[in-house]
Each structure stands twice: as structure tokens, then as C-alpha cells.
$ cat coords.cif   # mmCIF, C-alpha atoms and all ligand atoms
data_protein
loop_
_atom_site.label_atom_id
_atom_site.label_comp_id
_atom_site.auth_asym_id
_atom_site.auth_seq_id
_atom_site.Cartn_x
_atom_site.Cartn_y
_atom_site.Cartn_z
CA MET A 92 132.14 159.18 76.12
CA LEU A 93 130.24 157.49 73.27
CA LYS A 94 127.29 159.90 73.33
CA GLY A 95 126.55 160.98 69.74
CA LYS A 96 129.41 158.90 68.29
CA LYS A 97 128.55 157.11 65.06
CA VAL A 98 129.35 153.41 65.12
CA VAL A 99 129.02 151.10 62.12
CA LEU A 100 128.78 147.56 63.50
CA GLY A 101 129.69 144.76 61.10
CA VAL A 102 128.25 141.36 62.03
CA THR A 103 129.62 138.25 60.34
CA GLY A 104 128.54 134.62 60.18
CA SER A 105 129.65 133.20 63.50
CA ILE A 106 127.68 131.40 66.17
CA ALA A 107 128.61 134.43 68.32
CA ALA A 108 126.52 136.68 66.02
CA TYR A 109 123.78 136.75 68.63
CA LYS A 110 126.21 138.53 70.98
CA ALA A 111 126.31 141.43 68.50
CA ALA A 112 122.75 142.18 69.62
CA GLU A 113 124.09 142.70 73.15
CA ILE A 114 126.88 144.88 71.75
CA THR A 115 124.30 146.98 69.89
CA ARG A 116 122.33 147.39 73.11
CA ALA A 117 125.44 148.35 75.08
CA LEU A 118 126.42 150.98 72.49
CA VAL A 119 122.90 152.39 72.27
CA LYS A 120 122.76 152.52 76.08
CA GLU A 121 125.81 154.79 75.95
CA ARG A 122 123.84 156.91 73.46
CA ALA A 123 126.03 156.02 70.47
CA LEU A 124 124.32 156.04 67.06
CA VAL A 125 124.58 152.56 65.62
CA LYS A 126 124.12 151.31 62.05
CA VAL A 127 124.55 147.61 61.39
CA ILE A 128 125.89 145.84 58.32
CA MET A 129 125.47 142.07 58.20
CA THR A 130 127.09 139.55 55.92
CA ALA A 131 124.72 137.12 54.20
CA SER A 132 125.98 134.32 56.48
CA ALA A 133 125.32 136.41 59.60
CA THR A 134 121.65 136.57 58.63
CA ARG A 135 121.53 132.76 58.92
CA PHE A 136 122.35 133.08 62.65
CA ILE A 137 120.29 136.15 63.60
CA THR A 138 117.80 138.27 61.67
CA PRO A 139 118.37 141.86 60.48
CA LEU A 140 115.10 142.75 62.23
CA THR A 141 116.77 142.21 65.62
CA PHE A 142 119.46 144.80 64.83
CA GLN A 143 116.99 147.13 63.16
CA THR A 144 114.88 147.11 66.31
CA LEU A 145 117.82 147.50 68.70
CA SER A 146 119.66 150.18 66.71
CA ASN A 147 116.54 151.96 65.47
CA ASN A 148 118.17 152.11 62.03
CA PRO A 149 117.85 150.11 58.82
CA VAL A 150 120.28 147.20 58.50
CA ALA A 151 122.42 146.85 55.37
CA VAL A 152 123.07 143.39 53.93
CA ASP A 153 122.77 143.57 50.16
CA MET A 154 125.19 145.65 48.06
CA PHE A 155 122.65 146.10 45.32
CA GLU A 156 119.66 147.32 47.28
CA GLU A 157 118.23 150.75 46.39
CA PRO A 158 120.40 153.29 48.24
CA VAL A 159 118.53 155.04 51.06
CA ALA A 160 120.18 158.40 50.38
CA TRP A 161 121.48 159.93 47.18
CA GLU A 162 124.93 158.52 47.92
CA ILE A 163 125.90 154.95 47.21
CA GLU A 164 125.18 153.22 50.49
CA HIS A 165 128.54 151.59 51.26
CA ILE A 166 130.29 154.90 50.63
CA SER A 167 127.81 156.86 52.71
CA LEU A 168 128.12 154.42 55.66
CA ALA A 169 131.91 154.43 55.33
CA LYS A 170 131.93 158.24 55.57
CA TRP A 171 129.27 158.35 58.30
CA ALA A 172 131.26 156.17 60.71
CA ASP A 173 133.30 157.67 63.54
CA VAL A 174 134.36 154.12 64.29
CA PHE A 175 133.89 150.81 62.54
CA LEU A 176 133.46 147.74 64.74
CA ILE A 177 133.37 144.20 63.39
CA ALA A 178 132.09 141.81 66.04
CA PRO A 179 132.10 138.90 65.73
CA ALA A 180 134.68 138.74 62.93
CA THR A 181 135.15 135.36 61.27
CA ALA A 182 138.45 134.05 59.86
CA ASN A 183 136.91 134.46 56.41
CA VAL A 184 136.16 138.18 56.82
CA ILE A 185 139.53 138.84 58.49
CA GLY A 186 141.21 137.06 55.58
CA LYS A 187 139.25 139.08 53.02
CA MET A 188 140.07 142.38 54.71
CA ALA A 189 143.77 141.49 54.92
CA ALA A 190 143.84 140.49 51.25
CA GLY A 191 141.95 143.56 50.06
CA ILE A 192 138.93 141.61 48.92
CA ALA A 193 135.74 143.65 48.87
CA ASP A 194 132.95 141.44 47.59
CA ASP A 195 129.99 142.27 49.81
CA MET A 196 128.45 145.18 51.67
CA LEU A 197 130.59 144.76 54.80
CA THR A 198 134.02 144.26 53.22
CA THR A 199 133.36 147.01 50.67
CA THR A 200 132.33 149.51 53.32
CA VAL A 201 135.23 148.72 55.64
CA MET A 202 137.65 149.16 52.76
CA ALA A 203 136.13 152.55 51.95
CA THR A 204 136.19 153.93 55.49
CA ARG A 205 138.70 156.34 56.99
CA ALA A 206 137.35 155.67 60.49
CA PRO A 207 139.36 153.55 62.95
CA VAL A 208 138.43 149.88 62.69
CA VAL A 209 138.05 147.57 65.71
CA VAL A 210 137.94 143.84 65.04
CA ALA A 211 136.73 141.28 67.61
CA PRO A 212 137.44 137.79 66.20
CA ALA A 213 135.38 134.72 67.11
CA MET A 214 136.08 131.29 65.68
CA ASN A 215 137.26 127.76 66.38
CA VAL A 216 140.63 127.57 68.17
CA ASN A 217 142.36 125.82 65.27
CA MET A 218 141.10 128.44 62.84
CA TYR A 219 142.25 131.22 65.18
CA THR A 220 145.71 129.76 65.78
CA ASN A 221 146.14 128.83 62.12
CA PRO A 222 149.27 130.69 60.93
CA ILE A 223 147.30 132.07 57.98
CA THR A 224 144.73 133.70 60.29
CA GLN A 225 147.51 134.99 62.55
CA HIS A 226 149.34 136.39 59.52
CA ASN A 227 146.14 138.12 58.37
CA ILE A 228 145.65 139.62 61.84
CA ASP A 229 149.26 140.89 61.80
CA VAL A 230 148.72 142.46 58.37
CA LEU A 231 145.63 144.28 59.61
CA LYS A 232 147.37 145.36 62.85
CA GLN A 233 150.27 146.77 60.82
CA ASN A 234 147.68 148.78 58.92
CA GLY A 235 146.31 150.30 62.12
CA TYR A 236 143.34 147.99 62.76
CA HIS A 237 142.61 147.47 66.45
CA PHE A 238 141.95 143.96 67.76
CA VAL A 239 140.08 142.77 70.83
CA GLN A 240 141.58 139.36 71.51
CA PRO A 241 139.18 136.42 71.75
CA GLU A 242 138.94 134.64 75.07
CA SER A 243 139.96 131.10 75.92
CA GLY A 244 137.45 128.54 77.07
CA GLU A 245 134.93 126.08 75.78
CA LEU A 246 133.90 126.89 72.22
CA ALA A 247 130.53 126.33 70.57
CA CYS A 248 132.02 123.47 68.52
CA GLY A 249 132.99 121.63 71.73
CA ASP A 250 136.73 122.34 71.38
CA ARG A 251 138.58 124.21 74.10
CA GLY A 252 141.01 127.07 73.50
CA GLN A 253 141.22 130.64 72.34
CA GLY A 254 138.51 131.72 69.95
CA ARG A 255 135.50 132.79 72.01
CA LEU A 256 134.32 136.34 71.32
CA ALA A 257 135.82 138.74 73.89
CA ASP A 258 133.65 139.99 76.70
CA ILE A 259 131.15 142.57 75.46
CA LYS A 260 132.40 145.03 78.08
CA ASP A 261 135.96 144.73 76.72
CA ILE A 262 134.76 145.26 73.15
CA VAL A 263 132.80 148.40 74.10
CA ASP A 264 135.78 149.55 76.21
CA CYS A 265 138.05 149.26 73.19
CA VAL A 266 135.64 151.35 71.08
CA ARG A 267 135.38 153.91 73.88
CA SER A 268 139.16 154.11 74.31
CA LEU A 269 139.53 155.36 70.73
CA PHE A 270 137.81 158.60 71.74
CA ILE A 271 139.95 159.20 74.82
CA LYS A 272 142.68 161.84 74.59
CA LYS A 273 146.18 160.33 74.60
CA ASP A 274 147.72 162.90 76.92
CA LEU A 275 149.76 160.28 78.78
CA ALA A 276 151.47 158.92 75.67
CA GLY A 277 155.17 158.42 76.37
CA LYS A 278 154.64 158.36 80.15
CA ARG A 279 155.20 155.39 82.47
CA ILE A 280 152.82 155.14 85.39
CA LEU A 281 152.97 152.72 88.28
CA VAL A 282 149.66 151.96 89.98
CA THR A 283 149.23 149.82 93.08
CA ALA A 284 145.90 148.16 93.79
CA GLY A 285 144.14 145.78 96.12
CA PRO A 286 144.98 144.65 99.64
CA THR A 287 148.10 143.03 100.98
CA ARG A 288 147.89 139.74 102.87
CA GLU A 289 150.09 139.24 105.88
CA PRO A 290 150.26 135.53 106.70
CA ILE A 291 149.92 134.06 110.18
CA ASP A 292 150.19 130.42 109.17
CA PRO A 293 149.54 128.48 105.92
CA VAL A 294 145.77 129.03 106.20
CA ARG A 295 145.33 132.41 107.95
CA TYR A 296 146.28 135.97 107.19
CA ILE A 297 145.58 139.61 108.13
CA SER A 298 144.16 141.74 105.34
CA ASN A 299 141.46 144.32 104.53
CA TYR A 300 138.42 144.79 102.29
CA SER A 301 140.14 146.30 99.23
CA SER A 302 138.78 144.74 96.03
CA GLY A 303 141.30 146.38 93.70
CA LYS A 304 138.51 148.15 91.78
CA MET A 305 139.88 151.66 92.35
CA GLY A 306 143.46 150.78 91.37
CA TYR A 307 142.42 148.68 88.37
CA ALA A 308 140.18 151.51 87.12
CA LEU A 309 143.12 153.91 87.37
CA ALA A 310 145.42 151.51 85.54
CA LYS A 311 142.87 151.09 82.76
CA ALA A 312 142.25 154.83 82.44
CA ALA A 313 146.00 155.54 82.30
CA ARG A 314 146.42 152.83 79.64
CA ASP A 315 143.57 154.30 77.59
CA ARG A 316 145.26 157.70 77.74
CA GLY A 317 148.39 156.22 76.19
CA ALA A 318 150.56 155.56 79.26
CA GLU A 319 152.71 152.51 79.72
CA VAL A 320 151.29 151.09 82.93
CA VAL A 321 152.86 148.88 85.59
CA LEU A 322 150.15 147.50 87.86
CA VAL A 323 151.35 146.07 91.17
CA SER A 324 148.41 144.21 92.59
CA GLY A 325 147.58 142.44 95.78
CA PRO A 326 145.30 139.37 95.63
CA VAL A 327 141.94 140.34 94.07
CA SER A 328 139.25 138.49 92.18
CA ILE A 329 138.75 140.99 89.32
CA SER A 330 140.48 140.69 85.93
CA PRO A 331 143.33 143.05 85.15
CA PRO A 332 142.99 145.43 82.21
CA SER A 333 144.72 144.07 79.13
CA GLY A 334 147.88 145.76 77.91
CA VAL A 335 149.30 146.65 81.33
CA MET A 336 152.35 145.05 82.93
CA LEU A 337 150.88 143.17 85.88
CA GLU A 338 152.94 142.16 88.93
CA ARG A 339 151.08 140.16 91.52
CA ILE A 340 152.22 140.33 95.14
CA ASN A 341 150.83 139.16 98.46
CA THR A 342 152.56 140.99 101.30
CA ALA A 343 153.49 144.64 101.90
CA GLU A 344 157.17 143.69 101.72
CA GLU A 345 156.64 142.08 98.32
CA MET A 346 154.77 145.18 97.15
CA MET A 347 157.63 147.34 98.39
CA ARG A 348 160.20 145.29 96.43
CA SER A 349 158.11 145.38 93.28
CA VAL A 350 157.45 149.14 93.49
CA LEU A 351 161.10 150.00 94.20
CA LYS A 352 162.23 147.90 91.24
CA HIS A 353 160.28 150.17 88.86
CA PHE A 354 160.47 153.48 90.71
CA ASP A 355 163.48 155.00 88.91
CA ASN A 356 161.87 154.39 85.52
CA VAL A 357 158.40 155.83 86.05
CA ASP A 358 156.97 159.34 85.74
CA ALA A 359 154.27 158.90 88.36
CA VAL A 360 153.18 156.50 91.10
CA ILE A 361 149.55 156.20 92.18
CA MET A 362 149.18 154.14 95.34
CA ALA A 363 145.55 153.05 95.54
CA ALA A 364 146.48 149.84 97.34
CA ALA A 365 145.39 149.31 100.92
CA VAL A 366 148.72 148.22 102.36
CA ALA A 367 148.63 146.52 105.75
CA ASP A 368 150.48 148.68 108.26
CA TYR A 369 151.32 145.66 110.43
CA ARG A 370 152.20 142.00 109.94
CA PRO A 371 152.42 139.06 112.31
CA MET A 372 155.94 139.01 113.72
CA GLU A 373 156.08 135.24 113.63
CA TYR A 374 154.92 132.96 110.87
CA SER A 375 154.04 129.38 111.73
CA GLU A 376 155.04 126.91 109.02
CA VAL A 377 152.23 124.62 110.19
CA LYS A 378 148.58 125.38 110.86
CA ILE A 379 148.22 126.72 114.41
CA LYS A 380 145.97 124.36 116.34
CA LYS A 381 142.99 125.58 118.30
CA SER A 382 143.48 125.47 122.08
CA ASP A 383 141.41 126.41 125.12
CA GLU A 384 143.53 129.54 125.63
CA ASP A 385 143.12 132.91 123.94
CA MET A 386 145.62 133.49 121.20
CA VAL A 387 147.90 136.52 120.95
CA VAL A 388 149.40 137.51 117.62
CA HIS A 389 152.25 140.00 117.94
CA LEU A 390 152.27 142.48 115.09
CA GLY A 391 155.32 144.27 113.77
CA LYS A 392 155.35 147.37 111.57
CA ASN A 393 155.40 146.96 107.82
CA PRO A 394 157.50 149.30 105.70
CA ASP A 395 155.65 152.45 104.62
CA ILE A 396 156.13 152.17 100.86
CA LEU A 397 154.88 155.62 99.98
CA LYS A 398 156.98 157.27 102.67
CA GLU A 399 160.04 155.53 101.26
CA LEU A 400 159.14 156.76 97.76
CA GLY A 401 158.66 160.27 99.13
CA PHE A 402 162.16 160.04 100.56
CA ARG A 403 163.69 158.81 97.28
CA LYS A 404 161.55 161.04 95.06
CA GLY A 405 163.21 162.71 92.09
CA LYS A 406 161.17 163.86 89.09
CA GLN A 407 158.30 161.45 89.82
CA VAL A 408 154.83 162.69 90.69
CA LEU A 409 153.63 160.87 93.83
CA ILE A 410 149.93 160.34 94.43
CA GLY A 411 148.63 158.62 97.53
CA PHE A 412 145.19 157.58 98.69
CA ALA A 413 143.81 157.95 102.19
CA ALA A 414 140.99 155.77 103.46
CA GLU A 415 139.67 157.63 106.48
CA THR A 416 136.79 157.27 108.93
CA ASN A 417 137.26 160.40 111.09
CA ASP A 418 139.05 163.77 110.93
CA VAL A 419 139.20 162.93 107.27
CA MET A 420 140.89 166.00 105.76
CA LEU A 421 143.14 166.57 108.77
CA ASN A 422 144.53 163.04 108.64
CA ALA A 423 144.91 163.13 104.86
CA GLY A 424 146.81 166.44 104.97
CA LYS A 425 149.16 164.95 107.54
CA LYS A 426 149.84 161.94 105.27
CA LEU A 427 150.44 164.21 102.28
CA ARG A 428 153.13 166.14 104.18
CA GLU A 429 154.73 163.20 106.00
CA LYS A 430 155.02 161.11 102.83
CA ASN A 431 156.17 164.04 100.66
CA LEU A 432 153.31 163.55 98.18
CA ASP A 433 152.20 165.82 95.34
CA MET A 434 148.57 164.85 95.74
CA ILE A 435 146.36 162.72 97.96
CA VAL A 436 142.95 161.27 97.10
CA VAL A 437 140.85 161.13 100.22
CA ASN A 438 137.91 158.77 100.60
CA ASP A 439 135.74 158.85 103.69
CA VAL A 440 135.01 155.14 103.79
CA THR A 441 132.04 155.58 106.15
CA GLN A 442 130.01 157.17 103.31
CA PRO A 443 127.72 154.80 101.34
CA GLY A 444 129.08 154.40 97.81
CA ALA A 445 132.64 155.34 98.81
CA GLY A 446 135.83 153.38 99.39
CA PHE A 447 136.16 149.61 99.63
CA GLU A 448 134.51 147.06 97.33
CA VAL A 449 131.90 149.29 95.65
CA ASP A 450 132.03 150.35 91.98
CA THR A 451 131.76 154.03 92.94
CA ASN A 452 133.68 156.46 95.09
CA ILE A 453 133.28 159.92 96.64
CA VAL A 454 136.57 161.76 97.13
CA ASN A 455 138.35 164.99 97.90
CA VAL A 456 141.66 165.53 96.20
CA MET A 457 144.25 167.63 98.02
CA THR A 458 147.44 168.91 96.41
CA ARG A 459 150.60 169.94 98.27
CA ASP A 460 149.80 173.63 97.77
CA GLY A 461 146.65 173.05 99.88
CA ASP A 462 144.17 173.17 97.00
CA VAL A 463 141.18 170.81 97.53
CA LYS A 464 138.80 169.59 94.82
CA SER A 465 135.65 167.62 95.68
CA PHE A 466 134.24 164.90 93.47
CA PRO A 467 130.69 163.65 94.17
CA LEU A 468 129.56 160.02 93.93
CA MET A 469 130.70 158.61 90.62
CA ASP A 470 131.87 155.44 88.96
CA LYS A 471 135.50 154.55 89.76
CA GLY A 472 136.28 154.54 86.02
CA GLU A 473 134.99 158.08 85.57
CA LEU A 474 136.72 159.25 88.73
CA SER A 475 140.00 157.77 87.51
CA HIS A 476 139.96 160.13 84.54
CA MET A 477 139.33 163.11 86.84
CA ILE A 478 142.29 162.05 89.02
CA LEU A 479 144.45 161.61 85.92
CA ASP A 480 143.45 165.08 84.65
CA LEU A 481 144.97 166.48 87.85
CA ALA A 482 147.99 164.16 87.60
CA VAL A 483 148.68 165.35 84.04
CA ASP A 484 148.72 168.96 85.30
CA LEU A 485 151.29 167.98 87.92
CA MET A 486 153.42 166.09 85.40
CA VAL A 487 153.78 169.03 83.01
CA ARG A 488 154.73 171.52 85.75
O1 LIG A 501 140.21 148.48 96.20
P1 LIG A 501 138.83 149.08 96.38
O2 LIG A 501 137.85 148.08 96.95
O3 LIG A 501 138.32 149.71 95.11
O4 LIG A 501 138.92 150.23 97.47
C1 LIG A 501 139.62 151.40 97.18
C2 LIG A 501 140.43 151.87 98.42
C3 LIG A 501 139.47 152.28 99.52
C4 LIG A 501 141.37 150.79 98.91
C5 LIG A 501 141.27 153.11 97.91
O5 LIG A 501 140.40 154.08 97.41
C6 LIG A 501 142.13 153.67 99.04
O6 LIG A 501 141.70 154.53 99.79
N1 LIG A 501 143.41 153.19 99.16
C7 LIG A 501 144.32 153.54 100.25
C8 LIG A 501 143.89 152.85 101.50
C9 LIG A 501 144.88 153.03 102.60
O7 LIG A 501 145.51 152.09 102.96
O8 LIG A 501 145.04 154.23 103.03
P2 LIG A 501 146.11 154.59 104.22
O9 LIG A 501 145.57 155.83 104.74
O10 LIG A 501 146.32 153.48 105.12
O11 LIG A 501 147.48 154.84 103.46
C10 LIG A 501 147.83 156.08 102.86
C11 LIG A 501 148.66 155.85 101.62
O12 LIG A 501 149.90 155.24 101.96
C12 LIG A 501 148.02 154.94 100.59
O13 LIG A 501 148.30 155.45 99.33
C13 LIG A 501 148.70 153.60 100.81
O14 LIG A 501 148.79 152.86 99.60
C14 LIG A 501 150.09 154.02 101.29
N2 LIG A 501 150.69 153.07 102.24
C15 LIG A 501 150.05 152.73 103.39
C16 LIG A 501 150.67 151.89 104.29
C17 LIG A 501 151.95 151.40 104.00
N3 LIG A 501 152.57 150.56 104.84
N4 LIG A 501 152.56 151.74 102.86
C18 LIG A 501 151.96 152.59 102.00
O15 LIG A 501 152.52 152.90 100.95
#

$ encode --input "coords.cif" --output "C-alpha cells" --more "lines below"
Ligand code: PMT
Amino acid sequence: MLKGKKVVLGVTGSIAAYKAAEITRALVKERALVKVIMTASATRFITPLTFQTLSNNPVAVDMFEEPVAWEIEHISLAKWADVFLIAPATANVIGKMAAGIADDMLTTTVMATRAPVVVAPAMNVNMYTNPITQHNIDVLKQNGYHFVQPESGELACGDRGQGRLADIKDIVDCVRSLFIKKDLAGKRILVTAGPTREPIDPVRYISNYSSGKMGYALAKAARDRGAEVVLVSGPVSISPPSGVMLERINTAEEMMRSVLKHFDNVDAVIMAAAVADYRPMEYSEVKIKKSDEDMVVHLGKNPDILKELGFRKGKQVLIGFAAETNDVMLNAGKKLREKNLDMIVVNDVTQPGAGFEVDTNIVNVMTRDGDVKSFPLMDKGELSHMILDLAVDLMVR
């Protein structure tokens, strides 16, 4: 997605400046072309040579250096950029940008650019929460600047709170998302993800291996394409994508309630969750003690959420997943018909690199008219966009 894209990376004088080296590496790894501008204070934390080496381009610091090309350098960099990223951005630089102050190479170039600007702040918590900083951020947001929120945690100064530079992956994701087509703008999409847990007693439950990676990747891809996303998630250990409405559930019944609450107001439902088909019929309020006897747990049927949606279906596009181990396409076709789906994504979970827990998947996608498309081993993020391409086609029919 970033291959050949021109990124101007502005680095300012924060202790997090060293992380900009990692950002440069991540962008270059995606084959983006990177040119770095540093403020004078940034050069006190990390040398221009580091960025020059990593980006394979000269680094601009001084406004009054001989221009490399015939054009004045800040103007040429401003025009060159497809996207302008400032990471880390200090309160000082954010304040200058909001006030229209252009007194060095970075602030002058950012003022002269027509490219989208992404700002990743990093500073002390009190500086970040200071109403003046927040006002400056609002001013820039109103003017179309994109922000990647800093994280909370222990800060370099020893304080705790929000102010730590966002994860490098999230910063690069934000840059990448600017180049993604917004063909789901105005659409509301409900995605389910992860396993359900069906409790036996306060310490035991029945569940499965779903990590939530497939569903979370779909939610993120839909968000990046402009959709309003409701993510109904079972218990997982991965972080949800920012900017989606997250509803956490444990059991299949809770997932059912959450999904039905939103169903009338969404354009599409993608059920990537691995919902337990059965639950223990009795729940013990106290921990069941070990005995010398075998233990029998009677299981009752859980509601089939997707089948219920298929029954209630109006204008919504319904997309299911099928995790299969045998008679893969036969079983998936049966589910597609029985649950009244528009499309089913079939993963043969016996294949290495497919299905539960891994970052990749291998799928066949079957539509209700019997058309089947095969997708080889690929990252779940990439696959999500392929699935959404097909979903968009169904939504405009
Ligand atoms: O989370 P990951 O680790 O990334 O793994 C991804 C995945 C393997 C979980 C995902 O790709 C996947 O295949 N999800 C569906 C797994 C599954 O439960 O399939 P199923 O064949 O049992 O169910 C078919 C469809 O009906 C699914 O869309 C399921 O969400 C839905 N269902 C199932 C049972 C039930 N009681 N209610 C349902 O709505």
C-alpha cells in the first residue's frame, strides 16, 4: 500500500525521537520513499546521520542551507510529499503549527504542504492534558490534520499518564489508511470476532482457539475504508482497532443480544467469531470439587446467531465464516443456504497458516449464486480487504 509513496517525516525534540528511526525503517520496509526533516532540538536527541542512513536521503534541518535542487528546499519538500508525518510531535511544534508560526525548516515546510498531515504527539502527561495543548490539537483537527493519540503509561520523566508516543505500528497504519479507498463511507458494518466462553463454574469454561485476529483485521479494514464499525468481541488478548465501537461479550447468548441490538441499523454483518454451538446446561455458582468419579457435563444448544439474522434479514448483507476440517466446501455451502447468507468465507483449519490464532489465512469465498473465489495464503489484514471488495459489490447490488 505504501510502495512508492513519498513520506516527509518531521522529527521534533522529544525523548521519543529515537523511535522515529524505527518509523523510518518501517516505512522504508514497506517501500515508501522517506525524506526526514529534523528540528534543531531533535538533533540533540538523535543525529541526522541515523535518518540519512535509514532513509537513504539527505536530512533537512537548517532553513538556510544551500538548496539541493533549483527549488527552495522547504517548498520542494512540501510539494514532493504525498503525506507529511510528524512523529514525535512536541507540544511546542503542535502549538506553532496551530498558531501559524513557521520559523524553522519543519514548521515552514508543513505550512507549505498540500499533502495530508499526520501528527503523533509525545510529551509529558501534564503538557498533553494542558488545555492549551488540547485546544491546539482541536484547531489542527478542525483543519484536517490527522492525529495518532499518544498512549498511557510510564513516561520518560517518571510521571504516569497519557503522553507516550503511539505504537509505531499504529502510526504507520494511520499513514497507510490515508491511501485506502473510502468506498464504505456512510455504511455501518457489524463485525463479530473471537471465541465465546460458556461457563461451567466460576473457574472453568468451554471455548475454542479463536484469537480474534481475523475479526479484528476485518473491523480495522472496514474502518479504514470509511465505515462506521461495531465490533462485538469475545474475550481476546489483542488490542481493538481505534475508532470502532467495541462491545465485549463472553457467552453466545450475550453475543446474540449485542448483535440483535444493532442489526436493524447496519448495512452488513460479518460473523468471524467462533461461537460455541453448545453450553453447559447447569452453571455451578461454586467451584466444582474434584471427586473420584468421572464428571459429566450436559450441554444444551446455543442460539445460532447467524441463522436468526438470516431469518430477520432485510436489506443487510450477511457474511458468515466457516471453519471446517472435512468436506469443506460441501459443509460451507450447506451453512450458506441454511443461514440465508449472501456470502461465506471458508477456511480449512487443517491447513498450516489458515484459521485459528495465526496471522494469515487461506480461504475460499462462496456467494449465494454459487460463485467461488480462492485466496492463497496471505496476511489477515490483506485478506480482509479482499473480503470487503466482495462485500462492497454485494452492498451496491
Ligand atoms: O480468531 P482467529 O484466531 O483469527 O481465527 C479465525 C476463525 C478461524 C475463528 C475465523 O476465520 C472463522 O472461521 N470463524 C468462524 C468459525 C466458526 O465457528 O465457524 P462455524 O462453522 O461453527 O459457524 C458458521 C458461522 O455461523 C460463523 O460465521 C459463526 O460465527 C456463525 N455461528 C456459529 C454458531 C452459532 N451458534 N452462531 C453463529 O452465528

$ residues_near_ligand --input "coords.cif" --ligand "ligand LIG 501 (chain A)" --cutoff "6 Å" --atoms "only C-alpha atoms and all ligand atoms" --output "tab-separated table (two decimals) with C-alpha atoms, keeping the file's coordinate frame"
chain	number	residue	atom	x	y	z
A	285	GLY	CA	144.14	145.78	96.12
A	301	SER	CA	140.14	146.30	99.23
A	302	SER	CA	138.78	144.74	96.03
A	303	GLY	CA	141.30	146.38	93.70
A	304	LYS	CA	138.51	148.15	91.78
A	305	MET	CA	139.88	151.66	92.35
A	362	MET	CA	149.18	154.14	95.34
A	363	ALA	CA	145.55	153.05	95.54
A	364	ALA	CA	146.48	149.84	97.34
A	365	ALA	CA	145.39	149.31	100.92
A	366	VAL	CA	148.72	148.22	102.36
A	367	ALA	CA	148.63	146.52	105.75
A	368	ASP	CA	150.48	148.68	108.26
A	393	ASN	CA	155.40	146.96	107.82
A	394	PRO	CA	157.50	149.30	105.70
A	395	ASP	CA	155.65	152.45	104.62
A	396	ILE	CA	156.13	152.17	100.86
A	397	LEU	CA	154.88	155.62	99.98
A	411	GLY	CA	148.63	158.62	97.53
A	412	PHE	CA	145.19	157.58	98.69
A	413	ALA	CA	143.81	157.95	102.19
A	414	ALA	CA	140.99	155.77	103.46
A	438	ASN	CA	137.91	158.77	100.60
A	446	GLY	CA	135.83	153.38	99.39
A	447	PHE	CA	136.16	149.61	99.63
A	448	GLU	CA	134.51	147.06	97.33

$ residues_near_point --input "coords.cif" --point "(157.9, 156.4, 96.5)" --cutoff "10 Å" --atoms "all atoms listed in the file" --output "VMD selection string"
chain A and resid 347 350 to 351 354 to 355 359 to 362 395 to 405 407 to 411 430 to 432

$ closest_atom_pairs --input "coords.cif" --of "stretch 231-294 of chain A" --to "stretch 455-479 of chain A" --cutoff "10 Å" --atoms "all atoms listed in the file" --output "tab-separated table"
residue	atom	partner	partner_atom	distance
A:Ile271	CA	A:His476	CA	9.8
A:Asp274	CA	A:Leu479	CA	9.7
A:Leu275	CA	A:Leu479	CA	9.0

$ write_last_selection --input "coords.cif" --atoms "C-alpha atoms" --output "tab-separated table (two decimals), in the frame of the given file"
chain	number	residue	atom	x	y	z
A	271	ILE	CA	139.95	159.20	74.82
A	274	ASP	CA	147.72	162.90	76.92
A	275	LEU	CA	149.76	160.28	78.78

$ closest_residue --input "coords.cif" --among "A:Val99, A:Ala310, A:Met202, A:Val119" --to "A:Ile177" --atoms "only C-alpha atoms"
A:Val99

$ closest_residue --input "coords.cif" --among "A:Val174, A:Ile223, A:Ala482, A:Cys248" --to "A:Leu124" --atoms "all atoms listed in the file"
A:Val174

$ closest_residue --input "coords.cif" --among "A:Met214, A:Leu231, A:Val320, A:Ile259" --to "A:Arg116" --atoms "all atoms listed in the file"
A:Ile259

$ atom_distance --input "coords.cif" --atom1 "atom CA of A:Asn147" --atom2 "atom CA of A:Ala111"
14.7 Å

$ atom_distance --input "coords.cif" --atom1 "atom CA of A:Ala423" --atom2 "atom CA of A:Val335"
29.1 Å

$ residues_around --input "coords.cif" --residues "A:Val98" --least-positions-apart "5" --cutoff "9 Å" --atoms "all atoms listed in the file" --output "short mmCIF file (atom, residue, chain, number, x, y, z; two decimals) with C-alpha atoms, in the coordinates of the input"
data_model
loop_
_atom_site.label_atom_id
_atom_site.label_comp_id
_atom_site.auth_asym_id
_atom_site.auth_seq_id
_atom_site.Cartn_x
_atom_site.Cartn_y
_atom_site.Cartn_z
CA LEU A 118 126.42 150.98 72.49
CA ALA A 123 126.03 156.02 70.47
CA LEU A 124 124.32 156.04 67.06
CA VAL A 125 124.58 152.56 65.62
CA LYS A 126 124.12 151.31 62.05
CA VAL A 127 124.55 147.61 61.39
CA TRP A 171 129.27 158.35 58.30
CA ALA A 172 131.26 156.17 60.71
CA ASP A 173 133.30 157.67 63.54
CA VAL A 174 134.36 154.12 64.29
CA PHE A 175 133.89 150.81 62.54
CA LEU A 176 133.46 147.74 64.74
CA VAL A 266 135.64 151.35 71.08
#

$ atom_distance --input "coords.cif" --atom1 "atom CA of A:Ile291" --atom2 "atom CA of A:Ile329"
24.7 Å

$ closest_residue --input "coords.cif" --among "A:Ile228, A:Leu246, A:Ile280, A:Met196" --to "A:Asn356" --atoms "only C-alpha atoms"
A:Ile280

$ closest_residue --input "coords.cif" --among "A:Ala189, A:Leu93, A:Ala203, A:Gly254" --to "A:Glu121" --atoms "all atoms listed in the file"
A:Leu93

$ residues_around --input "coords.cif" --residues "A:Arg251" --least-positions-apart "6" --cutoff "10 Å" --atoms "all atoms listed in the file" --output "PyMOL selection string"
chain A and resi 215-217+243-245

$ residues_around --input "coords.cif" --residues "A:Tyr369" --least-positions-apart "2" --cutoff "12 Å" --atoms "all atoms listed in the file" --output "list of chain:residue names"
A:Thr287, A:Arg288, A:Glu289, A:Pro290, A:Ile291, A:Tyr296, A:Ile297, A:Ser298, A:Asn299, A:Thr342, A:Ala343, A:Glu344, A:Ala365, A:Val366, A:Ala367, A:Pro371, A:Met372, A:Glu373, A:Val388, A:His389, A:Leu390, A:Gly391, A:Lys392, A:Asn393, A:Pro394, A:Asp395
